Structures are given as C-alpha cells and as structure tokens.
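Student: Quick one: the structure is below, questions incoming.
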Amino acid sequence: MDEINFDDIKTSRPKNIAVIGTGYVGLPSAAVFSKWGNNVVAVDIDKNKVDMINSGRMPIYEEYVEDFIKEGLANKTFMATTDYSLAVSSADVVFIAVGTPGTEVGTANMKYVEEAAFSIGQNLAEDKYTVVVTKSTVPVGTHKMVNDAVLKGANGRKVDFDVASNPEFLREGYAVYDSYHGDRVVIGSDSDKALQVLSEIFEHLDTIIFKTDISSSELIKYAANTFLATKITFINEIANLCDRVGADVKSVAAGIGLDVRIGKRFLNPTEIGFGGTCFPKDVNALYQLGLENNYEFKILGSVINVNEKQIYRFIDRIVRRLGSNLEGKTLGILGTAFKDNTDDSRHSSAIDVIRILRGMGAKIKVYDPLALNTSKELLGDTNIEYMDNYKEVFNKVDALVILTEWQEFKNYDYLSLTKNMNFPVIFDARYMLDPNVMKENGIEYYSRGRKVTK
Ligand code: UGA
C-alpha cells in the first residue's frame with residue numbers, strides 16, 4: 001500500500017462538522033475530518049465511550065485514529081460529547097454514522113438512525129443552513145424518514161436543512177487509508193446546495209467526487225457491498241469446484257484477476273465464507289428490499305445460501321480427518337477476527353467455527369494478534385484458552401486451524417512450530433500457506449481446491 005503524507009493533505013474550506021456515532025465508521029470519519037483541518041464534534045449516547053475518547057483512549061482499534069484524535073484534542077479542533085446541542089447547533093454538516101443492525105428477518109434496523117435524526121432536529125439552529133447526511137448504510141428511501149424525523153424533532157421551529165447521502169466505502173482495519181485513497185467519494189442529494197457544501201469537504205482529495213440523486217446514492221452502497229460479496233462467493237465456489245477437478249484456486253483467481261474487467265481484488269477465497277458486520281447484513285437487506293418491492297434478487301439468494309454452507313463444508317473436512325467426537329482432542333486456532341488488521345470479531349465466521357468445534361468436544365487454544373478481547377466476550381472461558389503468543393497454540397495440539405487472513409500467519413516458522421504438535425496437521429481456511437512447502441516439510445495440510453505441483 002502507498003505511504004500517505006498526512007500533513008500535506010488539508011482542506012482549504014474548513015467546516016464545522018458533527019458526527020453522530022463513534023463506532024467503526026463514525027470514529028475514523030471524525031478523526032480524518034479533524035485531520036483534514038475541520039472543527040469536529042463527535043456525539044455518542046454512551047458516556048463511557050465519550051470519556052474514553054476525550055482522554056485520548058479509543059474504544060475501537062483502527063490504525064492512525066488514536067493519533068489523529070489526540071492531535072485534534074490538543075489543537076482543540078476535536079471533541080466528543082453526549083450533548084447533541086454542542087455538536088449540531090453550529091454545524092455546517094452533520095453525519096449520521098450510527099449502527100443499522102440486521103433485524104431477525106434480514107432488514108436493517110433503522111431505530112438508531114431515526115432517533116439520531118430526531119435529536120438533530122431538536123438541536124438545529126434556526127438561523128443556519130445545515131446538511132444532514134447519512135453515512136451509515138441505509139435502505140433506499142431512508143432520506144424521507146430522516147427528513148421527517150428531523151422536522152419532527154424541530155417541532156415547528158423554522159429550521160433550514162437538506163438531507164444528503166454519503167455512503168462509506170472504507171474497510172475495517174484500513175479505514176484511514178481508504179479515506180485518503182478511496183476510488184471515489186459518492187454524494188447524493190436532491191438539493192444542489194447540499195451537494196455543493198458536501199463536496200467541499202472532499203475536494204482536496206485526489207479522487208473522483210461522484211454526485212447523484214439521493215436514492216441512487218443509497219443504492220450504490222448496497223450494490224457495491226453485495227457485488228463484492230458475490231465476487232468472493234464466486235471464487236469460493238470456484239475453489240469448491242477446483243477441489244473436484246484437480247485445479248488450483250489461487251492460480252485460477254490470479255489468472256482471471258489479470259483481466260482488468262474482472263480485477264484481482266476481492267478474489268481471495270475463504271473456506272468459511274465472508275463475515276463481519278457489513279456484507280452478511282447488506283446481502284440480506286438488499287434481498288429483502290427486492291422482496292418488499294415484488295422482486296426476487298436471485299443471485300443474492302444464492303450468495304446467502306452458498307455462504308452459509310461454506311462453514312459446514314469446512315467442518316466436514318475436519319470431521320473426515322479427526323472424527324465427529326472431538327472429546328480428548330485439543331485444537332490450536334490462529335485467528336478469531338472476521339478479517340485481518342482489526343480487533344472486531346462480531347459476525348466472524350471464525351467465532352462460529354470455534355463454537356462448532358467446541359460443541360463437538362474439542363478443547364481450544366486460540367491466538368489472534370488483536371481480537372482476543374472481543375472474542376472472549378463472545379466465547380467465554382469454557383474449554384478455551386486465550387494465548388498471548390502464537391507459538392503457544394502449537395503446543396501439544398492435535399491439529400492447527402487457520403481462520404483469519406492475518407498476513408503475519410504466512411511468516412511463521414511452521415517447520416519448527418509443528419514439531420511441538422501431537423500431530424502436524426493443518427486445516428487452512430484462509431489459503432495462507434503454500435501446499436508444496438507444507439508437503440516438502442512433511443506437514444499434513446488441508447486447503448480446499450489447492451494443487452500440490454511438486
Ligand atoms: C466492507 C467493504 O469492503 C467496505 O467497502 C464497506 O465500506 C464496508 O464493508 C461497510 O459497509 O462498512 P469490511 O466489512 O470492513 O468492508 O471488510 P472487507 O475487507 O470487505 O471484508 C469483509 C469480509 O469478506 C471478511 O470476512 C473478509 O475476510 C472477507 N473477504 C474479503 C474474503 O473472504 N475475500 C476477499 O478477497 C476479501
């Protein structure tokens with residue numbers, strides 16, 4: 001990835017910006033807006049989080065965010081608060097970046113967005129124009145609800161605002177990098193004035209600012225995420241097929257990725273399917289949006305089915321090797337986060353796999369470079385040991401299972417580490433290791449759809 005010289009990239013038109021929500025989208029966004037030279041106030045209803053942030057400690061891990069926030073706090077260009085009025089009354093732009101968790105039927109829960117919009121309406125100044133922007137992933141048409149909720153909050157006061165959409169494309173773990181190096185910024189509004197004010201926040205970046213109407217902007221976010229989830233699912237199915245026909249999925253991915261119409265990114269297969277708080281939720285939500293509008297989005301139905309089955313295919317492979325009763329067996333696990341470079345293990349397929357293996361009687365020793373704390377909250381302590389050092393998950397275990405694509409996992413000295421295992425058996429759900437090297441070293445290695453060529 002390219003190095004960024006952060007201090008060279010500044011806005012020439014600083015704004016007063018409020019960001020509502022300090023999660024994985026809100027906090028990094030607030031941090032970069034502040035670093036770009038704006039005055040930023042971040043709002044959260046959770047006082048503990050607000051106190052933490054104001055003392056320079058971050059409730060989430062994301063590279064560079066802590067440095068940017070500390071700098072903003074020191075320069076008095078950033079603060080966090082629970083008080084909407086402090087943030088909203090003088091804001092030129094208010095970003096709503098609260099959670100939209102999936103409901104049981106797969107739609108997005110808009111409760112927090114609606115509450116935020118209502119509170120914004122209560123606190124807008126009467127003599128100031130403000131753009132109210134949804135940054136959270138919201139279903140098409142949400143802008144109408146946001147507009148109504150702001151007006152309801154304003155309760156008859158004459159407030160001057162427009163609603164806009166600025167979908168977030170940043171990946172967890174690379175949020176700051178993506179904010180500087182995004183392929184595009186999408187802004188949508190049915191008001192030209194709002195589009196102008198909003199584009200000024202991003203115009204110093206070397207990127208395309210794509211302006212469109214608000215409904216299209218809302219749909220672009222879902223279309224992008226579900227397209228990428230479909231791309232991953234496609235390569236996962238190619239891997240399943242490679243396994244049957246004796247081809248190598250890494251070669252196939254590299255071979256098709258060279259075609260610029262396809263592109264090589266997001267073609268890394270995973271035996272346990274994609275996870276996280278975005279892709280599974282968004283695929284479900286867009287599928288549901290189709291149904292609500294009398295349209296069955298068939299590809300997405302298949303993506304959901306294939307992704308759910310991946311984990312069971314992987315478990316089946318382990319069962320065929322170790323048996324279905326894992327009592328008396330200890331498994332070493334590398335990785336619990338839903339992807340590399342993050343401490344987030346919410347909706348991580350790795351967590352689901354660990355639960356299943358433990359349910360089959362296995363004792364677990366687990367290591368993750370950043371996500372052990374969040375994983376412990378989900379998995380508890382029964383039959384599981386959390387290791388500070390990766391070397392310990394190799395000690396006296398009956399097999400090693402790799403579940404997250406941390407790049408450092410590629411660099412371990414497997415030849416010497418596997419000597420500490422009861423048996424040198426590795427199940428690699430993330431295609432991290434080279435099957436040829438494993439074979440040369442006498443390690444029994446399983447990775448679906450890989451070919452040993454030597
Ligand atoms: C995703 C999108 O990539 C972002 O553009 C978007 O802003 C974000 O959702 C969001 O809606 O907030 P994120 O969920 O943070 O970002 O992480 P990704 O890097 O996209 O990974 C998602 C899942 O797909 C992970 O489980 C990851 O391991 C898996 N994945 C990703 C693969 O299995 N193969 C790949 O080639 C890429």
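Here's how to read the names in the structure tokens: chain A, B, ... by the order shown, residue numbers from 1 in each chain, ligand numbers from 1 in the order shown.
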What are the closest atom pairs, with distances in Å to one decimal, for each residue of chain A lying within 9 Å of ligand 1, using only C-alpha atoms and all ligand atoms, rows by chain and rising residue number, as a tab-separated table?
Tutor:
```
residue	atom	partner	partner_atom_place_in_ligand_line	distance
A:Tyr24	CA	ligand 1	12 (O)	8.0
A:Val25	CA	ligand 1	12 (O)	6.8
A:Ser136	CA	ligand 1	12 (O)	7.7
A:Thr137	CA	ligand 1	11 (O)	6.5
A:Pro167	CA	ligand 1	7 (O)	7.8
A:Glu168	CA	ligand 1	7 (O)	4.9
A:Phe169	CA	ligand 1	7 (O)	3.1
A:Leu170	CA	ligand 1	7 (O)	3.9
A:Arg171	CA	ligand 1	15 (O)	3.6
A:Glu172	CA	ligand 1	15 (O)	3.6
A:Gly173	CA	ligand 1	15 (O)	6.9
A:Tyr174	CA	ligand 1	15 (O)	7.9
A:Ala175	CA	ligand 1	15 (O)	8.1
A:Asp178	CA	ligand 1	5 (O)	8.6
A:Lys221	CA	ligand 1	11 (O)	7.4
A:Tyr222	CA	ligand 1	11 (O)	8.0
A:Ala224	CA	ligand 1	5 (O)	7.5
A:Asn225	CA	ligand 1	2 (C)	5.8
A:Leu228	CA	ligand 1	3 (O)	7.2
A:Ala229	CA	ligand 1	24 (O)	6.8
A:Lys231	CA	ligand 1	36 (O)	8.1
A:Ile232	CA	ligand 1	34 (N)	5.4
A:Thr233	CA	ligand 1	33 (O)	8.1
A:Ile235	CA	ligand 1	34 (N)	8.6
A:Asn236	CA	ligand 1	33 (O)	8.3
A:Lys264	CA	ligand 1	36 (O)	8.7
A:Arg265	CA	ligand 1	36 (O)	6.1
A:Phe266	CA	ligand 1	36 (O)	3.1
A:Leu267	CA	ligand 1	36 (O)	4.3
A:Asn268	CA	ligand 1	36 (O)	3.6
A:Pro269	CA	ligand 1	34 (N)	5.4
A:Thr270	CA	ligand 1	33 (O)	4.9
A:Glu271	CA	ligand 1	33 (O)	8.3
A:Ile272	CA	ligand 1	33 (O)	8.2
A:Gly273	CA	ligand 1	33 (O)	6.2
A:Phe274	CA	ligand 1	26 (O)	3.9
A:Gly275	CA	ligand 1	26 (O)	3.8
A:Gly276	CA	ligand 1	14 (O)	5.2
A:Thr277	CA	ligand 1	14 (O)	6.1
A:Cys278	CA	ligand 1	11 (O)	4.7
A:Phe279	CA	ligand 1	14 (O)	5.9
A:Pro280	CA	ligand 1	23 (C)	8.5
A:Asp282	CA	ligand 1	11 (O)	7.7
A:Ala337	CA	ligand 1	26 (O)	8.4
A:Phe338	CA	ligand 1	26 (O)	4.7
A:Lys339	CA	ligand 1	28 (O)	4.1
A:Asp340	CA	ligand 1	28 (O)	7.1
A:Thr342	CA	ligand 1	15 (O)	8.7
A:His347	CA	ligand 1	26 (O)	8.5
A:Ser348	CA	ligand 1	26 (O)	6.7
A:Ser349	CA	ligand 1	26 (O)	7.2
A:Thr404	CA	ligand 1	28 (O)	6.9
A:Glu405	CA	ligand 1	28 (O)	6.6
A:Arg430	CA	ligand 1	33 (O)	7.8
```
Student: I need the strand (DSSP E) residues of range 146-374 of chain A per DSSP on the backbone, written as a PyMOL selection string.
Tutor: chain A and resi 160-165+184-189+208-212+330-334+363-367
Student: For the residues selected in the previous step, produce a file with N, CA, C and O atoms as a short mmCIF file (atom, residue, chain, number, x, y, z; two decimals), in the first residue's frame.
Tutor:
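Result went into result_18.cif, see below:
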```cif
data_model
loop_
_atom_site.label_atom_id
_atom_site.label_comp_id
_atom_site.auth_asym_id
_atom_site.auth_seq_id
_atom_site.Cartn_x
_atom_site.Cartn_y
_atom_site.Cartn_z
N ASP A 160 -33.44 25.31 8.67
CA ASP A 160 -33.03 25.36 7.26
C ASP A 160 -32.03 24.22 7.02
O ASP A 160 -30.87 24.32 7.39
N PHE A 161 -32.52 23.13 6.43
CA PHE A 161 -31.61 21.98 6.24
C PHE A 161 -31.98 21.21 4.97
O PHE A 161 -33.10 21.35 4.46
N ASP A 162 -31.03 20.45 4.46
CA ASP A 162 -31.30 19.47 3.41
C ASP A 162 -30.72 18.14 3.86
O ASP A 162 -29.78 18.10 4.64
N VAL A 163 -31.29 17.08 3.30
CA VAL A 163 -30.80 15.75 3.61
C VAL A 163 -29.95 15.26 2.44
O VAL A 163 -30.25 15.54 1.27
N ALA A 164 -28.86 14.57 2.76
CA ALA A 164 -27.97 14.04 1.72
C ALA A 164 -27.47 12.66 2.14
O ALA A 164 -27.68 12.23 3.29
N SER A 165 -26.84 11.98 1.20
CA SER A 165 -26.29 10.65 1.49
C SER A 165 -24.83 10.64 1.06
O SER A 165 -24.48 11.17 0.00
N ARG A 184 -13.39 6.56 -5.09
CA ARG A 184 -14.35 7.64 -5.34
C ARG A 184 -15.03 8.01 -4.04
O ARG A 184 -15.05 7.24 -3.08
N VAL A 185 -15.60 9.25 -4.04
CA VAL A 185 -16.50 9.65 -2.96
C VAL A 185 -17.86 9.78 -3.62
O VAL A 185 -17.98 10.42 -4.67
N VAL A 186 -18.88 9.14 -3.07
CA VAL A 186 -20.22 9.26 -3.64
C VAL A 186 -21.04 10.19 -2.74
O VAL A 186 -21.07 10.00 -1.52
N ILE A 187 -21.63 11.21 -3.35
CA ILE A 187 -22.55 12.04 -2.56
C ILE A 187 -23.87 12.16 -3.33
O ILE A 187 -23.88 12.32 -4.55
N GLY A 188 -24.95 12.02 -2.60
CA GLY A 188 -26.26 12.07 -3.25
C GLY A 188 -27.17 13.03 -2.51
O GLY A 188 -27.18 13.05 -1.28
N SER A 189 -27.86 13.86 -3.28
CA SER A 189 -28.87 14.72 -2.67
C SER A 189 -29.78 15.22 -3.77
O SER A 189 -29.39 15.27 -4.95
N ILE A 208 -12.28 10.98 -7.42
CA ILE A 208 -13.48 11.43 -8.14
C ILE A 208 -14.60 11.66 -7.13
O ILE A 208 -14.84 10.80 -6.27
N ILE A 209 -15.26 12.81 -7.23
CA ILE A 209 -16.45 13.03 -6.39
C ILE A 209 -17.66 12.81 -7.30
O ILE A 209 -17.92 13.57 -8.23
N PHE A 210 -18.34 11.71 -7.06
CA PHE A 210 -19.45 11.32 -7.92
C PHE A 210 -20.75 11.83 -7.29
O PHE A 210 -21.13 11.43 -6.19
N LYS A 211 -21.42 12.75 -8.01
CA LYS A 211 -22.65 13.34 -7.47
C LYS A 211 -23.85 12.70 -8.14
O LYS A 211 -23.86 12.52 -9.37
N THR A 212 -24.86 12.40 -7.35
CA THR A 212 -26.06 11.77 -7.93
C THR A 212 -27.27 12.12 -7.06
O THR A 212 -27.15 12.85 -6.08
N THR A 330 -7.32 -31.57 21.45
CA THR A 330 -7.09 -30.12 21.61
C THR A 330 -6.73 -29.55 20.25
O THR A 330 -5.89 -30.11 19.53
N LEU A 331 -7.40 -28.45 19.90
CA LEU A 331 -7.12 -27.83 18.61
C LEU A 331 -6.50 -26.45 18.82
O LEU A 331 -6.94 -25.69 19.69
N GLY A 332 -5.48 -26.14 18.06
CA GLY A 332 -4.89 -24.80 18.08
C GLY A 332 -5.56 -23.98 16.99
O GLY A 332 -5.76 -24.46 15.88
N ILE A 333 -5.94 -22.73 17.34
CA ILE A 333 -6.63 -21.89 16.36
C ILE A 333 -5.84 -20.60 16.16
O ILE A 333 -5.49 -19.92 17.12
N LEU A 334 -5.59 -20.26 14.90
CA LEU A 334 -4.99 -18.96 14.58
C LEU A 334 -6.07 -18.08 13.96
O LEU A 334 -6.56 -18.36 12.86
N LYS A 363 -11.11 -29.22 22.98
CA LYS A 363 -10.56 -28.12 23.78
C LYS A 363 -9.82 -27.21 22.80
O LYS A 363 -9.21 -27.70 21.84
N ILE A 364 -9.87 -25.90 23.07
CA ILE A 364 -9.34 -24.94 22.10
C ILE A 364 -8.24 -24.09 22.74
O ILE A 364 -8.39 -23.62 23.87
N LYS A 365 -7.14 -23.90 21.98
CA LYS A 365 -6.14 -22.89 22.35
C LYS A 365 -6.14 -21.89 21.20
O LYS A 365 -5.95 -22.30 20.04
N VAL A 366 -6.35 -20.61 21.50
CA VAL A 366 -6.53 -19.67 20.39
C VAL A 366 -5.62 -18.46 20.51
O VAL A 366 -5.32 -17.98 21.61
N TYR A 367 -5.18 -17.97 19.35
CA TYR A 367 -4.38 -16.74 19.29
C TYR A 367 -4.91 -15.85 18.17
O TYR A 367 -5.27 -16.32 17.09
#
```
Student: DSSP on the backbone: which residues in range 118-309 of chain A end up as helix (DSSP H, G or I)? Give the answer as number ranges by chain.
Tutor: A: 118-123, 142-154, 175-181, 192-202, 214-245, 249-257, 279-292, 298-309
Student: How about saving the chosen residues, C-alpha atoms kept, as an mmCIF file, in the first residue's frame?
Tutor:
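Printed below is result-v5.cif as written:
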```
data_model
loop_
_atom_site.group_PDB
_atom_site.id
_atom_site.type_symbol
_atom_site.label_atom_id
_atom_site.label_comp_id
_atom_site.auth_asym_id
_atom_site.auth_seq_id
_atom_site.Cartn_x
_atom_site.Cartn_y
_atom_site.Cartn_z
ATOM 1 C CA PHE A 118 -34.961 13.391 15.686
ATOM 2 C CA SER A 119 -32.279 14.653 18.099
ATOM 3 C CA ILE A 120 -30.601 16.568 15.268
ATOM 4 C CA GLY A 121 -33.933 18.263 14.517
ATOM 5 C CA GLN A 122 -34.305 19.242 18.182
ATOM 6 C CA ASN A 123 -30.905 20.943 18.127
ATOM 7 C CA THR A 142 -34.361 6.351 4.182
ATOM 8 C CA HIS A 143 -33.806 10.024 3.350
ATOM 9 C CA LYS A 144 -37.568 10.568 3.549
ATOM 10 C CA MET A 145 -37.673 9.116 7.052
ATOM 11 C CA VAL A 146 -34.631 11.197 8.062
ATOM 12 C CA ASN A 147 -36.234 14.363 6.685
ATOM 13 C CA ASP A 148 -39.465 13.643 8.576
ATOM 14 C CA ALA A 149 -37.658 12.766 11.824
ATOM 15 C CA VAL A 150 -35.598 15.994 11.687
ATOM 16 C CA LEU A 151 -38.781 18.024 11.143
ATOM 17 C CA LYS A 152 -40.493 16.163 13.970
ATOM 18 C CA GLY A 153 -37.553 16.949 16.263
ATOM 19 C CA ALA A 154 -37.624 20.616 15.197
ATOM 20 C CA ALA A 175 -10.404 2.949 7.441
ATOM 21 C CA VAL A 176 -7.943 5.840 7.417
ATOM 22 C CA TYR A 177 -6.040 4.526 4.406
ATOM 23 C CA ASP A 178 -9.313 4.133 2.490
ATOM 24 C CA SER A 179 -10.457 7.654 3.473
ATOM 25 C CA TYR A 180 -7.367 9.076 1.771
ATOM 26 C CA HIS A 181 -7.120 6.571 -1.061
ATOM 27 C CA ASP A 192 -27.756 21.297 -5.391
ATOM 28 C CA LYS A 193 -26.829 23.445 -2.400
ATOM 29 C CA ALA A 194 -26.326 20.358 -0.227
ATOM 30 C CA LEU A 195 -24.219 18.693 -2.945
ATOM 31 C CA GLN A 196 -22.023 21.790 -3.136
ATOM 32 C CA VAL A 197 -21.446 22.058 0.647
ATOM 33 C CA LEU A 198 -20.783 18.343 0.968
ATOM 34 C CA SER A 199 -18.388 18.158 -1.980
ATOM 35 C CA GLU A 200 -16.265 20.926 -0.380
ATOM 36 C CA ILE A 201 -15.368 18.512 2.433
ATOM 37 C CA PHE A 202 -13.713 16.117 -0.035
ATOM 38 C CA ILE A 214 -30.173 10.621 -3.102
ATOM 39 C CA SER A 215 -31.973 7.310 -3.834
ATOM 40 C CA SER A 216 -29.246 6.238 -6.274
ATOM 41 C CA SER A 217 -26.585 7.127 -3.727
ATOM 42 C CA GLU A 218 -28.308 4.985 -1.098
ATOM 43 C CA LEU A 219 -28.495 2.069 -3.542
ATOM 44 C CA ILE A 220 -24.853 2.447 -4.690
ATOM 45 C CA LYS A 221 -23.699 1.456 -1.211
ATOM 46 C CA TYR A 222 -25.745 -1.771 -1.151
ATOM 47 C CA ALA A 223 -24.918 -2.566 -4.767
ATOM 48 C CA ALA A 224 -21.179 -2.165 -4.103
ATOM 49 C CA ASN A 225 -21.121 -4.312 -0.963
ATOM 50 C CA THR A 226 -23.317 -7.053 -2.386
ATOM 51 C CA PHE A 227 -21.354 -7.116 -5.640
ATOM 52 C CA LEU A 228 -18.121 -7.641 -3.672
ATOM 53 C CA ALA A 229 -19.770 -10.328 -1.523
ATOM 54 C CA THR A 230 -20.910 -12.027 -4.740
ATOM 55 C CA LYS A 231 -17.366 -11.826 -6.136
ATOM 56 C CA ILE A 232 -15.985 -13.568 -3.030
ATOM 57 C CA THR A 233 -18.737 -16.175 -3.183
ATOM 58 C CA PHE A 234 -17.952 -16.803 -6.840
ATOM 59 C CA ILE A 235 -14.305 -17.556 -6.106
ATOM 60 C CA ASN A 236 -15.343 -19.690 -3.105
ATOM 61 C CA GLU A 237 -17.460 -21.793 -5.452
ATOM 62 C CA ILE A 238 -14.585 -21.996 -7.941
ATOM 63 C CA ALA A 239 -12.470 -23.348 -5.049
ATOM 64 C CA ASN A 240 -15.118 -25.975 -4.297
ATOM 65 C CA LEU A 241 -15.023 -26.991 -7.959
ATOM 66 C CA CYS A 242 -11.198 -26.916 -8.135
ATOM 67 C CA ASP A 243 -11.208 -29.471 -5.340
ATOM 68 C CA ARG A 244 -13.206 -31.854 -7.547
ATOM 69 C CA VAL A 245 -11.436 -31.312 -10.846
ATOM 70 C CA VAL A 249 -7.991 -21.919 -6.985
ATOM 71 C CA LYS A 250 -5.133 -19.488 -6.291
ATOM 72 C CA SER A 251 -3.939 -19.901 -9.881
ATOM 73 C CA VAL A 252 -7.456 -19.531 -11.248
ATOM 74 C CA ALA A 253 -8.011 -16.357 -9.164
ATOM 75 C CA ALA A 254 -4.680 -14.912 -10.327
ATOM 76 C CA GLY A 255 -5.432 -15.871 -13.930
ATOM 77 C CA ILE A 256 -8.859 -14.250 -14.077
ATOM 78 C CA GLY A 257 -7.812 -11.281 -11.923
ATOM 79 C CA PHE A 279 -21.509 -7.999 3.956
ATOM 80 C CA PRO A 280 -23.846 -10.587 5.555
ATOM 81 C CA LYS A 281 -26.233 -7.861 6.747
ATOM 82 C CA ASP A 282 -26.213 -5.948 3.462
ATOM 83 C CA VAL A 283 -26.722 -9.026 1.258
ATOM 84 C CA ASN A 284 -29.736 -9.953 3.381
ATOM 85 C CA ALA A 285 -31.071 -6.404 3.431
ATOM 86 C CA LEU A 286 -30.877 -5.965 -0.365
ATOM 87 C CA TYR A 287 -32.503 -9.356 -0.893
ATOM 88 C CA GLN A 288 -35.317 -8.273 1.452
ATOM 89 C CA LEU A 289 -35.614 -4.880 -0.259
ATOM 90 C CA GLY A 290 -36.186 -6.774 -3.512
ATOM 91 C CA LEU A 291 -38.921 -8.905 -1.935
ATOM 92 C CA GLU A 292 -40.595 -5.835 -0.438
ATOM 93 C CA LYS A 298 -31.985 -14.474 -7.193
ATOM 94 C CA ILE A 299 -28.193 -14.067 -7.256
ATOM 95 C CA LEU A 300 -28.256 -12.708 -3.725
ATOM 96 C CA GLY A 301 -30.443 -15.613 -2.581
ATOM 97 C CA SER A 302 -27.701 -17.947 -3.839
ATOM 98 C CA VAL A 303 -24.920 -15.888 -2.231
ATOM 99 C CA ILE A 304 -26.680 -16.209 1.137
ATOM 100 C CA ASN A 305 -27.106 -19.983 0.715
ATOM 101 C CA VAL A 306 -23.580 -20.687 -0.510
ATOM 102 C CA ASN A 307 -22.011 -18.526 2.193
ATOM 103 C CA GLU A 308 -23.957 -20.273 4.958
ATOM 104 C CA LYS A 309 -22.937 -23.716 3.650
#
```
Student: Ranking A:Asn38, A:Gln310, A:Asn436, A:Asn441 by minimum distance to Lys454 in chain A and counting only C-alpha atoms, which one comes first?
Tutor: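 Smallest separation from Lys454 in chain A among the options: A:Asn436.
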